[in-house]
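Source file: protein.cif (mmCIF, C-alpha atoms and all ligand atoms)
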```cif
data_my_file
loop_
_atom_site.group_PDB
_atom_site.id
_atom_site.type_symbol
_atom_site.label_atom_id
_atom_site.label_comp_id
_atom_site.auth_asym_id
_atom_site.auth_seq_id
_atom_site.Cartn_x
_atom_site.Cartn_y
_atom_site.Cartn_z
ATOM 1 C CA MET A 1 -7.465 28.565 -0.338
ATOM 2 C CA LEU A 2 -5.973 25.659 1.629
ATOM 3 C CA SER A 3 -4.170 24.059 -1.324
ATOM 4 C CA ALA A 4 -2.289 27.291 -2.088
ATOM 5 C CA GLU A 5 -1.355 27.649 1.594
ATOM 6 C CA ILE A 6 -0.078 24.045 1.592
ATOM 7 C CA ARG A 7 2.093 24.607 -1.476
ATOM 8 C CA GLU A 8 3.514 27.805 0.062
ATOM 9 C CA LEU A 9 4.299 26.038 3.333
ATOM 10 C CA ALA A 10 5.846 23.094 1.464
ATOM 11 C CA ALA A 11 8.196 25.498 -0.375
ATOM 12 C CA ARG A 12 9.092 27.284 2.864
ATOM 13 C CA ARG A 13 9.785 24.009 4.700
ATOM 14 C CA ARG A 14 11.615 22.465 1.726
ATOM 15 C CA ALA A 15 9.103 19.637 1.935
ATOM 16 C CA VAL A 16 7.858 17.088 -0.553
ATOM 17 C CA ILE A 17 4.310 15.756 -0.208
ATOM 18 C CA LEU A 18 3.820 12.067 -1.039
ATOM 19 C CA ALA A 19 0.303 10.625 -1.243
ATOM 20 C CA HIS A 20 -1.053 7.116 -1.652
ATOM 21 C CA ASN A 21 -3.519 6.354 -4.461
ATOM 22 C CA TYR A 22 -6.295 5.903 -1.847
ATOM 23 C CA CYS A 23 -6.074 9.453 -0.487
ATOM 24 C CA ARG A 24 -8.872 11.937 -1.033
ATOM 25 C CA GLY A 25 -8.764 13.615 -4.450
ATOM 26 C CA GLU A 26 -7.852 17.018 -3.026
ATOM 27 C CA ILE A 27 -4.818 15.488 -1.280
ATOM 28 C CA GLN A 28 -3.698 13.760 -4.495
ATOM 29 C CA ASP A 29 -4.068 17.079 -6.333
ATOM 30 C CA VAL A 30 -1.896 19.034 -3.900
ATOM 31 C CA ALA A 31 0.770 16.304 -3.547
ATOM 32 C CA ASP A 32 4.073 16.271 -5.416
ATOM 33 C CA PHE A 33 3.692 12.578 -6.159
ATOM 34 C CA THR A 34 0.867 10.041 -5.859
ATOM 35 C CA GLY A 35 1.499 6.323 -6.145
ATOM 36 C CA ASP A 36 1.272 2.792 -4.787
ATOM 37 C CA SER A 37 3.317 1.465 -1.860
ATOM 38 C CA LEU A 38 6.243 0.405 -4.031
ATOM 39 C CA GLU A 39 6.389 3.628 -6.040
ATOM 40 C CA LEU A 40 6.170 5.667 -2.840
ATOM 41 C CA ALA A 41 8.960 3.665 -1.200
ATOM 42 C CA ARG A 42 11.172 4.208 -4.256
ATOM 43 C CA LYS A 43 10.308 7.896 -4.255
ATOM 44 C CA ALA A 44 11.157 8.184 -0.546
ATOM 45 C CA VAL A 45 14.694 6.923 -1.250
ATOM 46 C CA GLU A 46 15.261 9.666 -3.848
ATOM 47 C CA VAL A 47 13.893 12.613 -1.882
ATOM 48 C CA GLU A 48 16.420 15.415 -1.510
ATOM 49 C CA ALA A 49 14.054 17.830 0.243
ATOM 50 C CA ASP A 50 14.505 18.270 4.011
ATOM 51 C CA VAL A 51 11.020 17.055 4.871
ATOM 52 C CA ILE A 52 8.716 14.299 3.597
ATOM 53 C CA VAL A 53 5.045 14.714 4.470
ATOM 54 C CA PHE A 54 3.480 11.313 3.979
ATOM 55 C CA CYS A 55 -0.251 11.223 3.289
ATOM 56 C CA GLY A 56 -1.086 7.557 3.664
ATOM 57 C CA VAL A 57 -1.071 5.190 6.626
ATOM 58 C CA TYR A 58 1.544 4.848 9.340
ATOM 59 C CA PHE A 59 3.532 1.900 7.990
ATOM 60 C CA MET A 60 4.094 3.800 4.725
ATOM 61 C CA ALA A 61 5.504 6.852 6.541
ATOM 62 C CA GLU A 62 7.604 4.522 8.685
ATOM 63 C CA THR A 63 8.981 2.845 5.535
ATOM 64 C CA ALA A 64 9.908 6.278 4.127
ATOM 65 C CA LYS A 65 11.745 7.118 7.361
ATOM 66 C CA ILE A 66 13.596 3.792 7.340
ATOM 67 C CA LEU A 67 14.677 4.321 3.734
ATOM 68 C CA ASN A 68 15.699 7.970 4.135
ATOM 69 C CA PRO A 69 16.563 8.408 7.830
ATOM 70 C CA SER A 70 18.242 11.806 7.506
ATOM 71 C CA ARG A 71 14.943 13.405 6.395
ATOM 72 C CA THR A 72 12.225 14.588 8.732
ATOM 73 C CA VAL A 73 9.145 12.470 7.973
ATOM 74 C CA LEU A 74 5.763 13.853 9.012
ATOM 75 C CA ILE A 75 2.344 12.214 8.975
ATOM 76 C CA PRO A 76 -0.705 14.507 9.158
ATOM 77 C CA ASP A 77 -2.641 12.155 11.476
ATOM 78 C CA PRO A 78 -0.531 9.585 13.354
ATOM 79 C CA SER A 79 -3.661 7.604 14.207
ATOM 80 C CA ALA A 80 -3.976 6.654 10.508
ATOM 81 C CA GLY A 81 -2.896 3.041 10.950
ATOM 82 C CA CYS A 82 -3.443 -0.059 8.853
ATOM 83 C CA PRO A 83 -5.456 -2.647 10.811
ATOM 84 C CA MET A 84 -3.918 -5.440 8.735
ATOM 85 C CA ALA A 85 -0.395 -4.334 9.691
ATOM 86 C CA ASP A 86 -1.374 -4.636 13.355
ATOM 87 C CA MET A 87 -2.666 -8.214 12.944
ATOM 88 C CA VAL A 88 0.786 -9.711 13.580
ATOM 89 C CA THR A 89 3.295 -8.615 16.219
ATOM 90 C CA ALA A 90 7.065 -9.138 16.209
ATOM 91 C CA GLU A 91 6.701 -11.488 19.153
ATOM 92 C CA GLN A 92 4.108 -13.628 17.350
ATOM 93 C CA LEU A 93 6.392 -13.780 14.321
ATOM 94 C CA ARG A 94 9.393 -14.776 16.478
ATOM 95 C CA GLU A 95 7.306 -17.611 17.936
ATOM 96 C CA LEU A 96 6.275 -18.742 14.436
ATOM 97 C CA LYS A 97 9.902 -18.657 13.254
ATOM 98 C CA ALA A 98 10.953 -20.718 16.276
ATOM 99 C CA ARG A 99 8.446 -23.399 15.256
ATOM 100 C CA HIS A 100 9.778 -23.400 11.654
ATOM 101 C CA PRO A 101 13.574 -23.405 11.787
ATOM 102 C CA GLY A 102 15.021 -23.046 8.298
ATOM 103 C CA ALA A 103 11.987 -21.193 6.941
ATOM 104 C CA LYS A 104 12.352 -17.733 5.414
ATOM 105 C CA ALA A 105 10.113 -15.023 6.867
ATOM 106 C CA VAL A 106 8.490 -12.709 4.332
ATOM 107 C CA CYS A 107 6.332 -9.717 5.192
ATOM 108 C CA TYR A 108 3.956 -7.686 3.136
ATOM 109 C CA VAL A 109 5.025 -4.031 3.363
ATOM 110 C CA ASN A 110 1.728 -3.524 5.242
ATOM 111 C CA SER A 111 3.456 -4.453 8.506
ATOM 112 C CA THR A 112 5.119 -2.672 11.419
ATOM 113 C CA ALA A 113 8.825 -1.794 11.411
ATOM 114 C CA GLU A 114 9.292 -4.336 14.254
ATOM 115 C CA VAL A 115 7.838 -7.110 12.077
ATOM 116 C CA LYS A 116 9.948 -6.081 9.077
ATOM 117 C CA ALA A 117 13.000 -6.257 11.346
ATOM 118 C CA GLU A 118 12.242 -9.972 11.891
ATOM 119 C CA CYS A 119 11.949 -10.758 8.182
ATOM 120 C CA ASP A 120 14.346 -11.847 5.460
ATOM 121 C CA ILE A 121 12.579 -9.831 2.799
ATOM 122 C CA CYS A 122 9.570 -7.651 2.278
ATOM 123 C CA VAL A 123 7.128 -7.481 -0.666
ATOM 124 C CA THR A 124 4.481 -5.089 -1.924
ATOM 125 C CA SER A 125 1.501 -6.040 -4.037
ATOM 126 C CA GLY A 126 3.380 -4.480 -6.979
ATOM 127 C CA ASN A 127 6.405 -6.784 -6.832
ATOM 128 C CA ALA A 128 5.361 -9.794 -4.710
ATOM 129 C CA GLU A 129 5.372 -12.316 -7.539
ATOM 130 C CA LYS A 130 8.799 -11.223 -8.811
ATOM 131 C CA VAL A 131 10.295 -11.206 -5.299
ATOM 132 C CA MET A 132 8.817 -14.572 -4.277
ATOM 133 C CA ALA A 133 9.991 -16.179 -7.529
ATOM 134 C CA THR A 134 13.583 -15.636 -6.326
ATOM 135 C CA PHE A 135 13.110 -18.370 -3.685
ATOM 136 C CA PRO A 136 13.772 -21.957 -4.778
ATOM 137 C CA PRO A 137 10.544 -24.033 -4.848
ATOM 138 C CA GLU A 138 11.678 -26.183 -1.908
ATOM 139 C CA GLN A 139 12.270 -23.177 0.397
ATOM 140 C CA GLU A 140 9.797 -23.115 3.284
ATOM 141 C CA ILE A 141 8.136 -19.674 3.513
ATOM 142 C CA LEU A 142 6.320 -17.952 6.365
ATOM 143 C CA PHE A 143 4.213 -15.135 4.903
ATOM 144 C CA VAL A 144 2.760 -12.379 7.133
ATOM 145 C CA PRO A 145 0.348 -10.728 7.675
ATOM 146 C CA ASP A 146 -1.958 -10.905 4.598
ATOM 147 C CA ARG A 147 -3.268 -14.387 3.928
ATOM 148 C CA HIS A 148 -4.895 -13.201 0.703
ATOM 149 C CA LEU A 149 -1.826 -11.659 -0.950
ATOM 150 C CA GLY A 150 0.257 -14.614 0.292
ATOM 151 C CA GLY A 151 -2.300 -17.120 -1.035
ATOM 152 C CA HIS A 152 -2.503 -15.283 -4.354
ATOM 153 C CA ILE A 153 1.264 -15.397 -4.911
ATOM 154 C CA ALA A 154 1.586 -18.998 -3.723
ATOM 155 C CA GLY A 155 -1.143 -19.916 -6.239
ATOM 156 C CA MET A 156 0.554 -18.001 -9.073
ATOM 157 C CA LEU A 157 3.892 -19.694 -8.424
ATOM 158 C CA GLY A 158 2.415 -23.129 -7.643
ATOM 159 C CA ARG A 159 3.855 -23.147 -4.106
ATOM 160 C CA GLU A 160 2.606 -23.518 -0.564
ATOM 161 C CA TYR A 161 3.330 -20.965 2.131
ATOM 162 C CA THR A 162 2.517 -20.876 5.812
ATOM 163 C CA LEU A 163 0.088 -17.945 5.781
ATOM 164 C CA TRP A 164 -0.605 -15.709 8.770
ATOM 165 C CA PRO A 165 -4.390 -15.219 9.028
ATOM 166 C CA GLY A 166 -4.317 -11.408 8.565
ATOM 167 C CA TYR A 167 -6.511 -9.542 6.099
ATOM 168 C CA CYS A 168 -7.627 -6.075 5.057
ATOM 169 C CA PRO A 169 -11.033 -5.179 6.555
ATOM 170 C CA THR A 170 -11.709 -2.767 3.672
ATOM 171 C CA HIS A 171 -11.097 -5.275 0.876
ATOM 172 C CA ALA A 172 -13.006 -7.920 2.871
ATOM 173 C CA ALA A 173 -16.140 -5.910 2.050
ATOM 174 C CA LEU A 174 -15.907 -6.883 -1.637
ATOM 175 C CA THR A 175 -18.028 -9.924 -2.507
ATOM 176 C CA VAL A 176 -18.509 -12.116 -5.588
ATOM 177 C CA LYS A 177 -22.132 -10.919 -5.673
ATOM 178 C CA ALA A 178 -20.941 -7.282 -5.975
ATOM 179 C CA ILE A 179 -18.702 -8.279 -8.900
ATOM 180 C CA GLU A 180 -21.559 -10.140 -10.601
ATOM 181 C CA ASP A 181 -23.813 -7.093 -10.136
ATOM 182 C CA ALA A 182 -21.109 -4.804 -11.563
ATOM 183 C CA ARG A 183 -20.710 -7.098 -14.592
ATOM 184 C CA ARG A 184 -24.482 -6.936 -15.205
ATOM 185 C CA MET A 185 -24.447 -3.128 -14.983
ATOM 186 C CA HIS A 186 -21.319 -2.702 -17.135
ATOM 187 C CA PRO A 187 -21.301 -5.612 -19.577
ATOM 188 C CA GLY A 188 -17.939 -6.189 -21.235
ATOM 189 C CA ALA A 189 -16.023 -3.952 -18.813
ATOM 190 C CA PRO A 190 -12.929 -5.690 -17.387
ATOM 191 C CA VAL A 191 -13.020 -6.139 -13.602
ATOM 192 C CA LEU A 192 -9.811 -5.336 -11.718
ATOM 193 C CA VAL A 193 -9.370 -6.307 -8.068
ATOM 194 C CA HIS A 194 -6.568 -5.882 -5.546
ATOM 195 C CA PRO A 195 -4.810 -9.100 -4.410
ATOM 196 C CA GLU A 196 -5.886 -8.243 -0.839
ATOM 197 C CA CYS A 197 -9.365 -9.452 -1.849
ATOM 198 C CA ALA A 198 -10.568 -12.913 -0.822
ATOM 199 C CA ARG A 199 -9.822 -15.899 -3.063
ATOM 200 C CA ASP A 200 -13.350 -16.256 -4.527
ATOM 201 C CA VAL A 201 -13.404 -12.530 -5.335
ATOM 202 C CA ARG A 202 -9.980 -12.740 -6.990
ATOM 203 C CA ALA A 203 -11.205 -15.676 -9.047
ATOM 204 C CA ALA A 204 -14.325 -13.767 -10.137
ATOM 205 C CA ALA A 205 -12.249 -10.839 -11.464
ATOM 206 C CA ASP A 206 -10.332 -10.459 -14.730
ATOM 207 C CA GLU A 207 -7.139 -8.980 -13.264
ATOM 208 C CA ARG A 208 -5.522 -8.927 -9.831
ATOM 209 C CA LEU A 209 -3.337 -5.819 -9.600
ATOM 210 C CA SER A 210 -1.649 -3.437 -7.192
ATOM 211 C CA THR A 211 -3.024 0.091 -7.295
ATOM 212 C CA GLY A 212 -0.070 1.118 -9.475
ATOM 213 C CA GLY A 213 -0.800 -1.865 -11.724
ATOM 214 C CA MET A 214 -4.417 -0.676 -12.046
ATOM 215 C CA CYS A 215 -3.233 2.791 -13.128
ATOM 216 C CA ARG A 216 -0.971 1.243 -15.795
ATOM 217 C CA TYR A 217 -3.748 -1.121 -16.945
ATOM 218 C CA ALA A 218 -6.170 1.800 -17.304
ATOM 219 C CA ARG A 219 -3.655 3.729 -19.408
ATOM 220 C CA GLU A 220 -2.724 0.840 -21.689
ATOM 221 C CA SER A 221 -6.033 -1.009 -22.091
ATOM 222 C CA SER A 222 -8.288 -0.311 -25.051
ATOM 223 C CA ALA A 223 -11.335 -0.806 -22.773
ATOM 224 C CA ARG A 224 -13.437 2.364 -22.429
ATOM 225 C CA GLU A 225 -15.160 1.164 -19.243
ATOM 226 C CA ILE A 226 -13.416 -0.502 -16.302
ATOM 227 C CA VAL A 227 -14.773 -1.856 -12.995
ATOM 228 C CA VAL A 228 -12.407 -1.190 -10.100
ATOM 229 C CA GLY A 229 -12.370 -3.484 -7.056
ATOM 230 C CA THR A 230 -10.246 -1.590 -4.581
ATOM 231 C CA GLU A 231 -10.428 1.419 -2.283
ATOM 232 C CA THR A 232 -12.509 4.059 -4.050
ATOM 233 C CA GLY A 233 -9.922 6.867 -3.606
ATOM 234 C CA ILE A 234 -8.100 5.496 -6.654
ATOM 235 C CA LEU A 235 -11.045 6.470 -8.889
ATOM 236 C CA HIS A 236 -9.992 10.121 -8.663
ATOM 237 C CA ARG A 237 -6.604 9.390 -10.190
ATOM 238 C CA LEU A 238 -7.956 6.954 -12.795
ATOM 239 C CA ARG A 239 -10.550 9.487 -13.999
ATOM 240 C CA LYS A 240 -8.086 12.382 -13.982
ATOM 241 C CA GLU A 241 -5.471 10.477 -16.018
ATOM 242 C CA ASN A 242 -7.938 8.878 -18.445
ATOM 243 C CA PRO A 243 -10.565 11.490 -19.311
ATOM 244 C CA GLY A 244 -11.993 9.476 -22.221
ATOM 245 C CA LYS A 245 -12.674 6.368 -20.124
ATOM 246 C CA SER A 246 -15.237 5.498 -17.439
ATOM 247 C CA PHE A 247 -14.373 3.859 -14.128
ATOM 248 C CA TYR A 248 -16.933 2.251 -11.827
ATOM 249 C CA PRO A 249 -16.371 1.068 -8.248
ATOM 250 C CA ALA A 250 -17.060 -2.660 -7.816
ATOM 251 C CA SER A 251 -18.575 -1.632 -4.486
ATOM 252 C CA GLU A 252 -19.115 1.778 -2.874
ATOM 253 C CA ARG A 253 -18.275 0.129 0.455
ATOM 254 C CA LEU A 254 -14.562 -0.081 -0.313
ATOM 255 C CA VAL A 255 -13.443 2.860 1.799
ATOM 256 C CA CYS A 256 -10.365 2.742 4.045
ATOM 257 C CA PRO A 257 -11.227 5.005 6.995
ATOM 258 C CA ASN A 258 -7.558 5.419 7.861
ATOM 259 C CA MET A 259 -6.557 6.715 4.441
ATOM 260 C CA LYS A 260 -9.423 9.189 4.729
ATOM 261 C CA LYS A 261 -7.923 10.626 7.914
ATOM 262 C CA ASN A 262 -5.574 12.639 5.681
ATOM 263 C CA THR A 263 -7.300 15.964 5.027
ATOM 264 C CA LEU A 264 -6.197 19.310 3.598
ATOM 265 C CA GLU A 265 -6.595 20.770 7.094
ATOM 266 C CA ASN A 266 -4.299 18.346 8.883
ATOM 267 C CA LEU A 267 -1.835 18.374 5.968
ATOM 268 C CA ARG A 268 -1.641 22.173 6.316
ATOM 269 C CA ASP A 269 -1.236 21.845 10.092
ATOM 270 C CA ALA A 270 1.510 19.233 9.630
ATOM 271 C CA LEU A 271 3.557 21.621 7.493
ATOM 272 C CA ARG A 272 2.805 24.679 9.598
ATOM 273 C CA ASP A 273 3.594 23.044 12.970
ATOM 274 C CA MET A 274 6.077 20.379 11.735
ATOM 275 C CA LYS A 275 4.042 17.514 13.204
ATOM 276 C CA THR A 276 3.680 14.618 13.709
ATOM 277 C CA GLU A 277 7.220 13.371 13.249
ATOM 278 C CA VAL A 278 7.634 9.651 12.500
ATOM 279 C CA THR A 279 10.608 8.018 14.210
ATOM 280 C CA VAL A 280 11.907 4.447 14.219
ATOM 281 C CA PRO A 281 14.477 3.268 16.811
ATOM 282 C CA ASP A 282 17.896 2.790 15.124
ATOM 283 C CA GLU A 283 18.242 -0.882 15.938
ATOM 284 C CA ILE A 284 14.777 -1.721 14.495
ATOM 285 C CA ALA A 285 15.279 0.590 11.498
ATOM 286 C CA GLU A 286 18.597 -1.012 10.588
ATOM 287 C CA ARG A 287 17.149 -4.542 10.538
ATOM 288 C CA ALA A 288 13.934 -3.476 8.814
ATOM 289 C CA ARG A 289 15.989 -1.622 6.178
ATOM 290 C CA ARG A 290 17.729 -4.870 5.255
ATOM 291 C CA ALA A 291 14.377 -6.533 4.455
ATOM 292 C CA ILE A 292 13.122 -3.535 2.445
ATOM 293 C CA ALA A 293 16.457 -3.079 0.633
ATOM 294 C CA ALA A 294 16.472 -6.790 -0.296
ATOM 295 C CA MET A 295 13.045 -6.248 -1.879
ATOM 296 C CA LEU A 296 14.076 -3.079 -3.747
ATOM 297 C CA ALA A 297 17.146 -4.891 -5.091
ATOM 298 C CA VAL A 298 14.837 -7.438 -6.795
ATOM 299 C CA GLY A 299 12.591 -4.778 -8.321
HETATM 300 P P1 LIG B 301 -0.769 -0.856 -3.144
HETATM 301 O O1 LIG B 301 0.676 -1.086 -2.829
HETATM 302 O O2 LIG B 301 -1.282 -1.722 -4.243
HETATM 303 O O3 LIG B 301 -1.019 0.584 -3.397
HETATM 304 O O4 LIG B 301 -1.631 -1.290 -1.881
HETATM 305 C C1 LIG B 301 -1.531 -0.675 -0.633
HETATM 306 C C2 LIG B 301 -2.652 -1.013 0.240
HETATM 307 O O5 LIG B 301 -2.683 -0.704 1.401
HETATM 308 C C3 LIG B 301 -3.738 -1.747 -0.345
HETATM 309 O O6 LIG B 301 -4.767 -1.860 0.549
HETATM 310 FE FE1 LIG B 302 -4.574 -1.268 5.329
HETATM 311 FE FE2 LIG B 302 -6.638 -2.153 3.907
HETATM 312 FE FE3 LIG B 302 -6.432 0.440 4.402
HETATM 313 FE FE4 LIG B 302 -4.752 -0.774 2.684
HETATM 314 S S1 LIG B 302 -6.973 -0.486 2.458
HETATM 315 S S2 LIG B 302 -4.197 0.684 4.297
HETATM 316 S S3 LIG B 302 -4.524 -2.773 3.690
HETATM 317 S S4 LIG B 302 -6.746 -1.193 5.915
#
```

Let me see whether you can do it: turn the structure in this file into C-alpha cells.
Amino acid sequence: MLSAEIRELAARRRAVILAHNYCRGEIQDVADFTGDSLELARKAVEVEADVIVFCGVYFMAETAKILNPSRTVLIPDPSAGCPMADMVTAEQLRELKARHPGAKAVCYVNSTAEVKAECDICVTSGNAEKVMATFPPEQEILFVPDRHLGGHIAGMLGREYTLWPGYCPTHAALTVKAIEDARRMHPGAPVLVHPECARDVRAAADERLSTGGMCRYARESSAREIVVGTETGILHRLRKENPGKSFYPASERLVCPNMKKNTLENLRDALRDMKTEVTVPDEIAERARRAIAAMLAVG
C-alpha cells in the first residue's frame, strides 16, 4: 500500500509532509498537516524535521524554503506551478515601481520569490485585510499579481490600489450563473467563495474566505448544507472534518490542474529518491524573507 510506504519513508528520511487544502484526498490523508497558504507558511517555520515534502504548487514550496532555509525542501512534481504567480515578473514589477515612486509594493503570496524580493510586504488570502489595514489610507499601493484579491481588499477597506491584471484561471471558471443554480439546488445553504473569484461572483456569494477560513466557517456554522466556491479538493477535508454536514461544489469545473499533479506515486518517489529539491538563491531569499516575515509579524 503506497500510503504505508510513504509513511515509512517519511520516518526514515526524518521528513514532514505538508499538503495544501486543494490536494487530492489521498495526499491530504497521508500528510502530517493540511492547510491554507498562511497555515502552511507558519508550519514551515516550525518544522524541526530534516526534510519538508511540500505537496502544493511551486511558490508554496519556495516560501517554505525561504522561511526554513536549513531544511531540505522537496516538491513531488516541480512542474506544479501557479499560472497566476507567473503573470508578473520581477522586471515588470521594477518598471511599475519606477513609475510610482513612493508607492509600497505588496504581493499576494501566489508570486515568485523574485517578485517577493521586490516587495515591501506579502499577504495571503487569510490575512490580506489585516495586513493591508496597517497602511495609512493615503499610502499609495501597488498590488500584484491578483487583481481580484487586491480589488476585494481595497473594497473592504474603502481604498484604491493600483492592481496588476493577474488572475487565477481556475477560479475564473466560477460564474454568477453557477452560484444562482447552486442556490436553486440547495436553498438556504450559505455560499462561500474564495477572494480570487471575480467581483460579480464575490458579490453573489455570502462569504469570501481563504480555504482555511472556509474550514473554520464549516466547523463553526450551524448550517447543515454549504455551497463551496473554490477548488474542489477542499471538499475532501470539509466532509472528513464535518461528517454531519453536506458540502456541494459551486461548480465541478473548479479544478486546479497543478495541485492535482501531486500524486501518491510521485510523493513516494520524492521521499525515496530525495527529489526534486527546491532552492532559492541566497540574495533573492534574503529579500523575499523580509516581505514574508513582515507579513507574519502582522498575523
Ligand atoms: P489559500 O491561501 O486560501 O489556501 O489559497 C491558495 C490558493 O492558491 C488559492 O487558489
Ligand atoms: Fe494558482 Fe489558482 Fe491553482 Fe491557486 S487554484 S494554485 S491561484 S492556479

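Here the PyMOL selection byres (((chain A and resi 72) around 6) and not hetatm) catches exactly these residues: Val51, Arg71 and Val73 of chain A.
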
Could I get the residues of chain A with an atom no further than 7 Å from an atom of ligand LIG 301 (chain B), each paired with its nearest atom pair and that distance in Å to one decimal, using only C-alpha atoms and all ligand atoms, sorted by chain and residue number, as a Markdown table?
```
| residue | atom | partner | partner_atom | distance |
| --- | --- | --- | --- | --- |
| A:His20 | CA | B:LIG301 | O3 | 6.8 |
| A:Asn21 | CA | B:LIG301 | O3 | 6.4 |
| A:Gly35 | CA | B:LIG301 | O3 | 6.8 |
| A:Asp36 | CA | B:LIG301 | O3 | 3.5 |
| A:Ser37 | CA | B:LIG301 | O1 | 3.8 |
| A:Leu38 | CA | B:LIG301 | O1 | 5.9 |
| A:Asn110 | CA | B:LIG301 | O5 | 6.5 |
| A:Thr124 | CA | B:LIG301 | O1 | 5.6 |
| A:Ser125 | CA | B:LIG301 | O2 | 5.1 |
| A:Gly126 | CA | B:LIG301 | O1 | 6.0 |
| A:Cys168 | CA | B:LIG301 | O6 | 6.8 |
| A:His194 | CA | B:LIG301 | O2 | 6.9 |
| A:Glu196 | CA | B:LIG301 | O6 | 6.6 |
| A:Ser210 | CA | B:LIG301 | O2 | 3.4 |
| A:Thr211 | CA | B:LIG301 | O2 | 4.0 |
| A:Gly212 | CA | B:LIG301 | O2 | 6.1 |
```

Q: Could you list the residues chosen by the PyMOL selection byres (((chain A and resi 133-144) around 6) and not hetatm) in this structure as a ChimeraX atom specification?
A: /A:103-107,130-132,145-146,161-164

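Rounded to one decimal, CA of Lys240 in chain A and CA of Val255 in chain A lie 19.2 Å from each other.
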
Q: Residues within 9 Å of ligand LIG 302 (chain B) should be enumerated using only C-alpha atoms and all ligand atoms and returned as a PyMOL selection string.
A: chain A and resi 22+56-60+80-85+110+146+167-172+196+230-231+254-259

**Q.** Distance of CA of Ser111 in chain A from CA of Arg13 in chain A, expressed in Å to one decimal place
**A.**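 Between CA of Arg13 in chain A and CA of Ser111 in chain A the gap works out to 29.4 Å.
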
Q) For the atom pair CA of Arg208 in chain A and CA of Cys119 in chain A, what is the interatomic distance in Å to one decimal place? A)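 Taking CA of Arg208 in chain A and CA of Cys119 in chain A, their separation equals 25.2 Å.
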
Q: Using only C-alpha atoms, pick whichever of A:Lys65, A:Arg216, A:Val30, A:Ser222 has the shortest atom-to-atom distance to Val45 in chain A.
A: A:Lys65

Q: With the file shown as input, list the residues that the PyMOL selection byres (((chain A and resi 63) around 9) and not hetatm) selects, as a list in words.
A: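 Evaluating the PyMOL selection byres (((chain A and resi 63) around 9) and not hetatm) on this file yields Ala41, Ala44, Tyr58, Phe59, Met60, Ala61, Glu62, Ala64, Lys65, Ile66, Leu67, Asn68, Val109, Thr112, Ala113, Ala285, Ala288, Arg289 and Ile292 of chain A.
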
Using the selection just defined, write its residues with C-alpha atoms as a compact mmCIF listing (two decimals), keeping the file's coordinate frame.
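The resulting file, part_39.txt, is shown below:
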```
# COMPACT_ATOMS: atom_id res chain seq x y z
CA ALA A 41 8.96 3.66 -1.20
CA ALA A 44 11.16 8.18 -0.55
CA TYR A 58 1.54 4.85 9.34
CA PHE A 59 3.53 1.90 7.99
CA MET A 60 4.09 3.80 4.72
CA ALA A 61 5.50 6.85 6.54
CA GLU A 62 7.60 4.52 8.68
CA ALA A 64 9.91 6.28 4.13
CA LYS A 65 11.74 7.12 7.36
CA ILE A 66 13.60 3.79 7.34
CA LEU A 67 14.68 4.32 3.73
CA ASN A 68 15.70 7.97 4.14
CA VAL A 109 5.03 -4.03 3.36
CA THR A 112 5.12 -2.67 11.42
CA ALA A 113 8.82 -1.79 11.41
CA ALA A 285 15.28 0.59 11.50
CA ALA A 288 13.93 -3.48 8.81
CA ARG A 289 15.99 -1.62 6.18
CA ILE A 292 13.12 -3.54 2.44
```

**Q.** Shortest interatomic distance to Asp206 in chain A - which of A:Glu180, A:Glu118, A:Glu220, A:Glu46, counting all atoms listed in the file
**A.**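 Closest residue, counting all atoms listed in the file: A:Glu180.
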
Q: Excluding range 263-271 of chain A and residues on its chain fewer than 5 positions from it, collect all residues at most 8 Å away from it, counting all atoms listed in the file, and give them as a ChimeraX atom specification.
A: /A:2-3,5-6,9-10,13,24,26-27,53,55,74-77,276

Could you add N, CA and C atoms to range 106-116 of chain A and give me the result as a short mmCIF file (atom, residue, chain, number, x, y, z; two decimals), in the frame of the given file?
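Saved file selection19.cif follows:
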```
data_model
loop_
_atom_site.label_atom_id
_atom_site.label_comp_id
_atom_site.auth_asym_id
_atom_site.auth_seq_id
_atom_site.Cartn_x
_atom_site.Cartn_y
_atom_site.Cartn_z
N VAL A 106 8.77 -13.75 5.33
CA VAL A 106 8.49 -12.71 4.33
C VAL A 106 7.32 -11.87 4.84
N CYS A 107 7.47 -10.55 4.79
CA CYS A 107 6.33 -9.72 5.19
C CYS A 107 5.87 -8.85 4.03
N TYR A 108 4.58 -8.70 3.99
CA TYR A 108 3.96 -7.69 3.14
C TYR A 108 4.39 -6.34 3.72
N VAL A 109 4.59 -5.34 2.87
CA VAL A 109 5.03 -4.03 3.36
C VAL A 109 4.00 -3.45 4.35
N ASN A 110 2.76 -3.93 4.27
CA ASN A 110 1.73 -3.52 5.24
C ASN A 110 1.99 -4.25 6.56
N SER A 111 3.06 -3.84 7.24
CA SER A 111 3.46 -4.45 8.51
C SER A 111 4.24 -3.41 9.29
N THR A 112 4.39 -3.65 10.60
CA THR A 112 5.12 -2.67 11.42
C THR A 112 6.63 -2.79 11.16
N ALA A 113 7.36 -1.75 11.55
CA ALA A 113 8.82 -1.79 11.41
C ALA A 113 9.39 -2.96 12.23
N GLU A 114 8.81 -3.24 13.40
CA GLU A 114 9.29 -4.34 14.25
C GLU A 114 9.14 -5.68 13.54
N VAL A 115 8.05 -5.85 12.82
CA VAL A 115 7.84 -7.11 12.08
C VAL A 115 8.81 -7.18 10.90
N LYS A 116 8.98 -6.08 10.20
CA LYS A 116 9.95 -6.08 9.08
C LYS A 116 11.34 -6.46 9.58
#
```
